[in-house]
Structure formats: structure tokens, C-alpha cells
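Each remark here refers to the structure printed beneath this line.
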Amino acid sequence: MEKKYIAFLYNIRHKYPKLNDARTQLETDFDDPETIMIIIKHLKGCGFRVLPIEANRKAYLKLYRNRNKILLAFNYSEGIYGSDRESHIPSMLEMLQIPYTGSTPLTQALVLNKAKAKEILSANNIPVLPHQLFKNNKEKLNKNLKFPLIVKPVAQGSSSGITNKSVVFNKKQLRRQISFIIETFNQEALVESYLSGREFSVAMLGNPPKILPIIESCHKLLPKGYFHIDSLEVKWLFEEESEFNHLICPAKISKKFKRKIEKICYDVWKALNVRDWCRIDMRCDRKNNPYVLEVNSPPGIIPPEVSNMSYFPLAARAAGMSYKKLLRKIINLAFKRYGIKK
């Protein structure tokens with residue numbers, strides 16, 4: 001019997017994000033070709049035959065032609081078009097009855113849309129920030145939202161569209177930033193309360209999930225000129241071009257506070273029906289009350305040869321898990337869910 005393949009679904013970045021060219025931020029969620037090649041090399045190093053498939057408009061044709069050769073699809077795709085783009089590849093895989101890693105189309109659509117995710121989390125008594133969606137910059141600001149505020153694209157990741165200008169302190173700045181988001185990303189602008197407290201990133205792995213060592217983005221370690229948020233400047237300039245690391249893993253927090261964060265994350269996992277793995281970003285107010293900012297699924301897994309700042313592999317290393325072991329674990333979790341014998 002011919003040994004089957006692991007299909008690796010991914011998206012390639014064709015333009016590197018630049019602060020002075022907003023259109024290049026549309027592909028911030030994607031990965032450079034060199035990064036994808038190294039991930040594929042690691043997958044092969046785990047003992048798998050790998051079938052790389054870029055998640056573009058031709059992906060369905062390649063999946064269809066090779067459907068009988070694919071044992072499992074490793075879904076690392078972000079999708080390329082539409083407000084529900086992260087659900088596209090899982091939907092294709094469901095249609096073709098190809099087993100795959102990660103969450104279902106519904107979950108993927110929900111976590112990409114920060115506002116819809118917040119609605120579900122709020123309905124499950126999970127702490128989220130007061131927020132408002134803007135279709136244009138003429139809409140009135142809700143009275144329960146007080147400055148300072150932060151303005152984001154409603155359905156982007158990797159700090160796309162989030163810069164030093166995203167935190168606004170008056171109506172003029174608010175209108176300007178809302179216009180920028182809508183015109184650049186062709187989607188609604190999400191406006192929410194800006195919190196000045198500590199920020200954490202929580203990697204979850206398993207069914208049921210286990211929480212890997214928690215990461216803190218220690219913004220007070222950032223040099224002057226960087227606003228205290230995980231902005232495009234921080235992720236794409238400071239983190240990648242500086243030898244200085246502002247990420248602390250494991251985070252230095254009390255056992256009681258750690259349990260509080262973990263409880264919230266387990267509740268998020270259940271409310272959104274996450275499978276296999278995800279990463280949850282949280283931020284605290286001045287009283288150290290944590291709020292869920294967003295859920296990353298699939299989270300980034302840039303190999304350590306490329307960057308030591310990729311959050312999920314960083315948390316895995318802190319747990320004593322090598323990069324190859326992390327990849328094998330994600331695949332084995334999906335194997336177990338589908339009852340696939342290796």
C-alpha cells in the first residue's frame with residue numbers, strides 16, 4: 001500500500017509589511033516563502049511525506065485530485081478573500097472528507113471576526129471589552145466608550161492595521177483611524193476600550209487542552225517611540241530587528257492569577273468549540289482584571305531558525321517541547337480525533 005501524504009495548507013506573503021505602505025499590511029497574516037519551506041522541511045523531518053498546497057484559488061483542485069492520497073491535512077491557512085476567509089480551506093476539506101488539523105469552518109469564521117467572537121464570549125460570561133463596529137466614520141460613538149480607545153480591523157491578525165496611531169485620544173483621531181481601517185482593509189473598524197495593564201498570550205494544545213507556559217508581552221521594556229501595544233512596529237520592527245526580547249515566558253505571575261487566566265481560556269475554548277490548538281491574547285485593566293482580546297486559530301508557528309519570537313513555538317520550548325515535537329503533537333491530536341492509525 002502506498003504511503004499517504006500530509007497535505008500542508010499555507011499562504012505565501014508576496015509583500016513584506018511596511019509602515020508607510022498600508023496596502024502591504026493585507027498579507028501580514030501570511031508567511032514568507034523561506035519560512036514555509038523550513039516548516040515543510042521540519043514536517044518531512046518528522047517522518048511524513050508532505051504535499052505542499054498554497055491556499056489560493058487552485059487549492060480545491062489540488063485537494064480534489066489528491067484526495068485519495070492524503071492521510072491528513074495540516075491546516076495552516078489564512079485564506080485570501082472575503083470576511084470569512086479562514087473558513088474556506090476547512091470547508092473544502094469537509095466537502096472532500098479529508099481529515100484535518102484544527103477547528104471547524106464555523107469556529108474559524110468566528111475567531112477571525114473579533115466582534116462576533118466577542119458576542120459569543122460575552123454571552124458565556126467571559127470578560128471582553130466594551131466595543132463598537134463602524135461602517136463609516138460618521139457614526140456616533142457609543143456613550144459607554146470613553147477615550148482613550150483603540151481602533152482595529154475587525155477581521156485581521158498579526159497586528160495588521162494596528163500601529164502607534166491606533167490608540168486614539170479624541171474624536172478627530174478616532175475618525176481618522178476609522179477611515180484608514182475601512183479604506184485599507186475594506187472591512188468594518190472595531191473600536192474598543194484601550195487598556196494600559198499587562199498583556200498575556202496563552203497557547204493551548206490538546207483535546208481536552210493543556211495550557212503551555214504563559215507569555216507576557218512586557219511593554220515597559222520597549223524603547224521610547226513604541227506605544228505599549230503589540231503593534232505592527234513592535235512585531236515587525238522591534239521584535240525582528242532588535243536583539244532585545246520583551247517577551248517573558250513563563251510569565252511572572254502568582255498562582256492565583258495564573259488560575260484565573262487559565263479558567264478564562266478554558267471557557268473560551270469551550271464556548272468557541274476550538275479543536276487541537278489555539279492561542280488566546282488577553283490584556284488587563286489597571287486593577288489587573290484580564291479581558292480576552294482575540295483567539296488565534298491557527299496560531300503562528302514560525303520555526304526558530306527564522307525567529308525566536310513566534311509565540312506558540314516559544315511557549316512550547318518553555319514546556320520542553322522541540323519544534324518537531326510540536327508539529328508531531330498537532331498532527332497526532334488530529335489523528336486521534338479521526339481514529340487514524342499511523
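How things are named: the first chain in the C-alpha cells is A, the next is B, and so on; residues count from 1 in each chain; ligands count from 1 in the order shown.
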Between stretch 134-244 of chain A and stretch 310-325 of chain A, at 7 Å or less, what are the per-residue closest atom pairs and their distances in Å? Count only C-alpha atoms, order by chain and rising residue number, and return it as a Markdown table.
```
| residue | atom | partner | partner_atom | distance |
| --- | --- | --- | --- | --- |
| A:Ala203 | CA | A:Phe312 | CA | 5.9 |
| A:Leu212 | CA | A:Ala315 | CA | 5.8 |
| A:Pro213 | CA | A:Ala315 | CA | 5.4 |
| A:Ile214 | CA | A:Ala315 | CA | 6.8 |
| A:Ile215 | CA | A:Ala315 | CA | 6.9 |
```
Could you give me the residues within stretch 8-257 of chain A that DSSP places in strand (DSSP E), as a ChimeraX atom specification?
/A:8-10,49-54,70-75,131-134,149-153,167-168,189-193,199-206,209-211,215-217,247-248
Using DSSP secondary structure from the backbone, list all alpha helix (DSSP H) positions within stretch 26-162 of chain A, as a PyMOL selection string.
chain A and resi 33-45+59-65+88-95+105-112+114-123
A:Glu192: which residues within 10 Å, counting only C-alpha atoms, same-chain residues fewer than 4 positions away excluded, as a list in words?
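Here the qualifying residues turn out to be Val128, Leu129, Pro130, His131, Gln132, Leu133, Leu145, Lys146, Phe147, Pro148, Leu149, Ile150, Val151, Lys152, Val167 and Leu293 of chain A.
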Export N, CA and C atoms of the chosen residues as a PDB file, in the first residue's frame?
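File produced: result07.pdb:
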```pdb
ATOM      1  N   VAL A 128     -14.900  40.426  28.049  1.00  0.00           N
ATOM      2  CA  VAL A 128     -14.423  41.083  26.836  1.00  0.00           C
ATOM      3  C   VAL A 128     -14.642  42.587  27.006  1.00  0.00           C
ATOM      4  N   LEU A 129     -13.954  43.370  26.202  1.00  0.00           N
ATOM      5  CA  LEU A 129     -14.010  44.821  26.331  1.00  0.00           C
ATOM      6  C   LEU A 129     -15.259  45.416  25.687  1.00  0.00           C
ATOM      7  N   PRO A 130     -15.762  46.527  26.224  1.00  0.00           N
ATOM      8  CA  PRO A 130     -16.806  47.270  25.516  1.00  0.00           C
ATOM      9  C   PRO A 130     -16.291  47.656  24.138  1.00  0.00           C
ATOM     10  N   HIS A 131     -17.142  47.523  23.115  1.00  0.00           N
ATOM     11  CA  HIS A 131     -16.664  47.775  21.760  1.00  0.00           C
ATOM     12  C   HIS A 131     -17.812  48.246  20.870  1.00  0.00           C
ATOM     13  N   GLN A 132     -17.427  48.736  19.695  1.00  0.00           N
ATOM     14  CA  GLN A 132     -18.399  49.202  18.702  1.00  0.00           C
ATOM     15  C   GLN A 132     -17.821  49.012  17.315  1.00  0.00           C
ATOM     16  N   LEU A 133     -18.670  48.583  16.380  1.00  0.00           N
ATOM     17  CA  LEU A 133     -18.263  48.431  14.991  1.00  0.00           C
ATOM     18  C   LEU A 133     -18.674  49.661  14.190  1.00  0.00           C
ATOM     19  N   LEU A 145     -18.374  54.184  25.657  1.00  0.00           N
ATOM     20  CA  LEU A 145     -16.971  54.115  25.268  1.00  0.00           C
ATOM     21  C   LEU A 145     -16.291  55.450  25.553  1.00  0.00           C
ATOM     22  N   LYS A 146     -15.262  55.407  26.374  1.00  0.00           N
ATOM     23  CA  LYS A 146     -14.550  56.606  26.788  1.00  0.00           C
ATOM     24  C   LYS A 146     -13.100  56.556  26.296  1.00  0.00           C
ATOM     25  N   PHE A 147     -12.571  57.706  25.912  1.00  0.00           N
ATOM     26  CA  PHE A 147     -11.180  57.791  25.481  1.00  0.00           C
ATOM     27  C   PHE A 147     -10.246  57.544  26.664  1.00  0.00           C
ATOM     28  N   PRO A 148      -9.059  56.945  26.407  1.00  0.00           N
ATOM     29  CA  PRO A 148      -8.518  56.524  25.109  1.00  0.00           C
ATOM     30  C   PRO A 148      -9.165  55.236  24.605  1.00  0.00           C
ATOM     31  N   LEU A 149      -9.195  55.119  23.282  1.00  0.00           N
ATOM     32  CA  LEU A 149      -9.750  53.957  22.610  1.00  0.00           C
ATOM     33  C   LEU A 149      -8.702  53.397  21.656  1.00  0.00           C
ATOM     34  N   ILE A 150      -8.931  52.178  21.193  1.00  0.00           N
ATOM     35  CA  ILE A 150      -8.038  51.594  20.189  1.00  0.00           C
ATOM     36  C   ILE A 150      -8.879  51.141  18.999  1.00  0.00           C
ATOM     37  N   VAL A 151      -8.373  51.386  17.800  1.00  0.00           N
ATOM     38  CA  VAL A 151      -9.103  51.107  16.556  1.00  0.00           C
ATOM     39  C   VAL A 151      -8.369  49.999  15.797  1.00  0.00           C
ATOM     40  N   LYS A 152      -9.117  48.949  15.403  1.00  0.00           N
ATOM     41  CA  LYS A 152      -8.517  47.792  14.744  1.00  0.00           C
ATOM     42  C   LYS A 152      -9.381  47.351  13.562  1.00  0.00           C
ATOM     43  N   VAL A 167      -4.113  53.874  18.845  1.00  0.00           N
ATOM     44  CA  VAL A 167      -4.650  54.355  20.118  1.00  0.00           C
ATOM     45  C   VAL A 167      -5.011  55.829  19.941  1.00  0.00           C
ATOM     46  N   LEU A 293      -8.826  39.521  24.219  1.00  0.00           N
ATOM     47  CA  LEU A 293      -8.724  40.381  23.045  1.00  0.00           C
ATOM     48  C   LEU A 293      -9.091  39.631  21.776  1.00  0.00           C
TER      49      LEU A 293
END
```
From A:His228, A:Lys143, A:Lys138, A:Lys270, residue lying nearest A:Ser166 [only C-alpha atoms] =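 Of A:His228, A:Lys143, A:Lys138, A:Lys270, the one nearest A:Ser166, counting only C-alpha atoms, is A:His228.
With only C-alpha atoms as the atoms that count, the residue of A:Lys140, A:Lys62, A:Arg279, A:Lys263 with the shortest distance to A:Val202 is A:Arg279.
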